[in-house]
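Note sheet for the following structure.
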Amino acid sequence: MTGQTGKNMEQDGDMGNGKVRGPVRETGRRKRPNFLLCAVIGLVTGLANGLFGSGGGTIAVPAMVHLLKAEEHRAHATAIAVILPLTVVSSVFYITKGYVDWGITIKATLGGLAGGYIGAKLLNRCPDKLLRRIFAAFMAAAGLKMIF
Amino acid sequence: MNNWNWIVLFLAGLASGIVSGMGMGGGAILIPVLVLVANPGQHIAQSVNLLYFIPTAVVALVIHIRNKSIDFRMAVPIIIFGLAGALAGSWIAASMDAGLLRKFFGGFLLAMSAYEMFRKGRNNGGK
């Protein structure tokens with residue numbers, strides 16, 4: 001009896017391991033994302049975004065795609081909904097500490113609004129392979145220059 | 001000098017806007033360009049990037065909400081913990097020396113660059 005039960009349990013376990021991928025359990029509620037993963041993603045995204053004043057999206061989008069199995073397009077949209085409130089909180093903190101220059105901010109923002117429009121238009125036309133490679137090279141060069 | 005300043009800042013914003021409009025991190029362009037060209041200090045450069053993000057993000061958010069592209073069941077718990085992280089991160093940045101913060105930021109850029117190259121390879125394999 002006990003031997004049989006043990007064998008059955010072992011089989012169940014094996015089947016479970018075969019079916020279940022990572023932390024997502026088959027409870028019939030696959031839409032609800034894993035709370036612990038959300039908490040970790042939130043903390044890391046907020047921390048980086050506050051510490052570096054950027055990079056929230058760079059962390060949140062791949063984290064949602066790979067860890068929460070979100071669809072790429074949906075992850076991009078959801079990342080904006082996440083990062084906007086975090087950015088507002090961090091901005092208020094920076095401003096109260098006196099770290100603000102409205103002149104630079106307005107000039108860069110005007111350029112950014114125009115650039116965002118152009119970028120969104122280009123997104124559908126331009127094969128971004130080369131652009132991504134240039135972007136990565138730029139980050140590497142700028143990163144090294146800022147460290148040394 | 002003032003006109004030159006205008007042009008450089010506008011172009012920095014433009015380049016970074018194009019890149020973020022294409023779905024890549026705009027801050028990775030704007031912050032280093034500001035620091036290396038206009039040099040307002042690392043903290044101010046980061047503050048510019050934070051504020052710069054807000055108007056564009058509001059517009060994008062409205063469009064995404066209308067198109068129902070946002071997964072709120074995923075967003076809400078991430079935001080709750082994200083707010084705690086944002087406060088902690090900003091506090092750490094504010095209490096850090098500008099030179100040190102700049103070096104940390106440089107390291108962060110290198111890490112993102114490495115990820116971008118790694119990810120590119122994976123995508124090529126997949127597609």
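All residue names refer to the structure tokens as shown: chains lettered A, B, ... in order, residues numbered from 1 in each chain, ligands numbered from 1 in order.
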
Env of Thr56 of chain B: 8 Å cut, atoms = only C-alpha atoms, seq-sep filter 3 positions within chain, self excluded. Answer as a list in words. Gly112, Leu113 and Gly116 of chain A; Tyr52, Phe53, Val59 and Ala60 of chain B

Determine, counting only C-alpha atoms, which protein, DNA and RNA residues have an atom within 10 Å of an atom of segment 65-68 of chain B; residues of the same chain fewer than 6 positions away are not included. Present the result as a ChimeraX atom specification. /A:74,77-78,81

Between B:Ile79, B:Ala93, B:Met22, B:Leu101, which one has atoms that come closest to Tyr117 of chain A, using only C-alpha atoms? B:Met22

Taking 4 positions as the minimum chain separation for residues in the same chain, which residues sit within 8 Å of Asn49 of chain B when counting only C-alpha atoms? Answer as a PyMOL selection string. (chain A and resi 53-54+105) or (chain B and resi 27+30-31+45+53)

Please produce an output containing N, CA, C and O atoms for each residue in the selection, written as a CSV table (one decimal), in the first residue's frame.
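Here's the written file again38.csv:
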```
chain,number,residue,atom,x,y,z
A,53,GLY,N,17.8,57.7,-12.7
A,53,GLY,CA,16.9,58.6,-13.5
A,53,GLY,C,16.5,58.1,-14.8
A,53,GLY,O,16.0,58.8,-15.7
A,54,SER,N,16.7,56.8,-15.0
A,54,SER,CA,16.4,56.2,-16.3
A,54,SER,C,16.5,54.6,-16.1
A,54,SER,O,16.8,54.2,-15.1
A,105,THR,N,15.6,71.3,-18.9
A,105,THR,CA,14.5,70.4,-19.0
A,105,THR,C,13.6,70.7,-20.2
A,105,THR,O,13.2,69.9,-21.0
B,27,GLY,N,16.8,57.5,-22.2
B,27,GLY,CA,17.6,58.0,-21.1
B,27,GLY,C,19.1,57.7,-21.3
B,27,GLY,O,20.0,58.4,-21.0
B,30,LEU,N,20.1,60.5,-23.7
B,30,LEU,CA,20.0,61.9,-23.2
B,30,LEU,C,20.9,62.2,-22.0
B,30,LEU,O,21.6,63.2,-22.0
B,31,ILE,N,21.0,61.3,-21.0
B,31,ILE,CA,21.8,61.6,-19.8
B,31,ILE,C,23.3,61.7,-20.2
B,31,ILE,O,23.9,62.7,-19.9
B,45,ALA,N,21.3,66.0,-14.7
B,45,ALA,CA,21.0,65.3,-15.9
B,45,ALA,C,20.0,64.2,-15.7
B,45,ALA,O,19.1,64.0,-16.6
B,53,PHE,N,10.6,62.6,-19.4
B,53,PHE,CA,9.8,61.4,-19.7
B,53,PHE,C,8.3,61.6,-19.5
B,53,PHE,O,7.4,61.0,-20.2
```

Once DSSP has gone over the backbone, tell me which residues of chain B are in alpha helix (DSSP H), as an MDAnalysis selection string. chainID B and resid 2:21 27:33 42:66 72:94 98:126
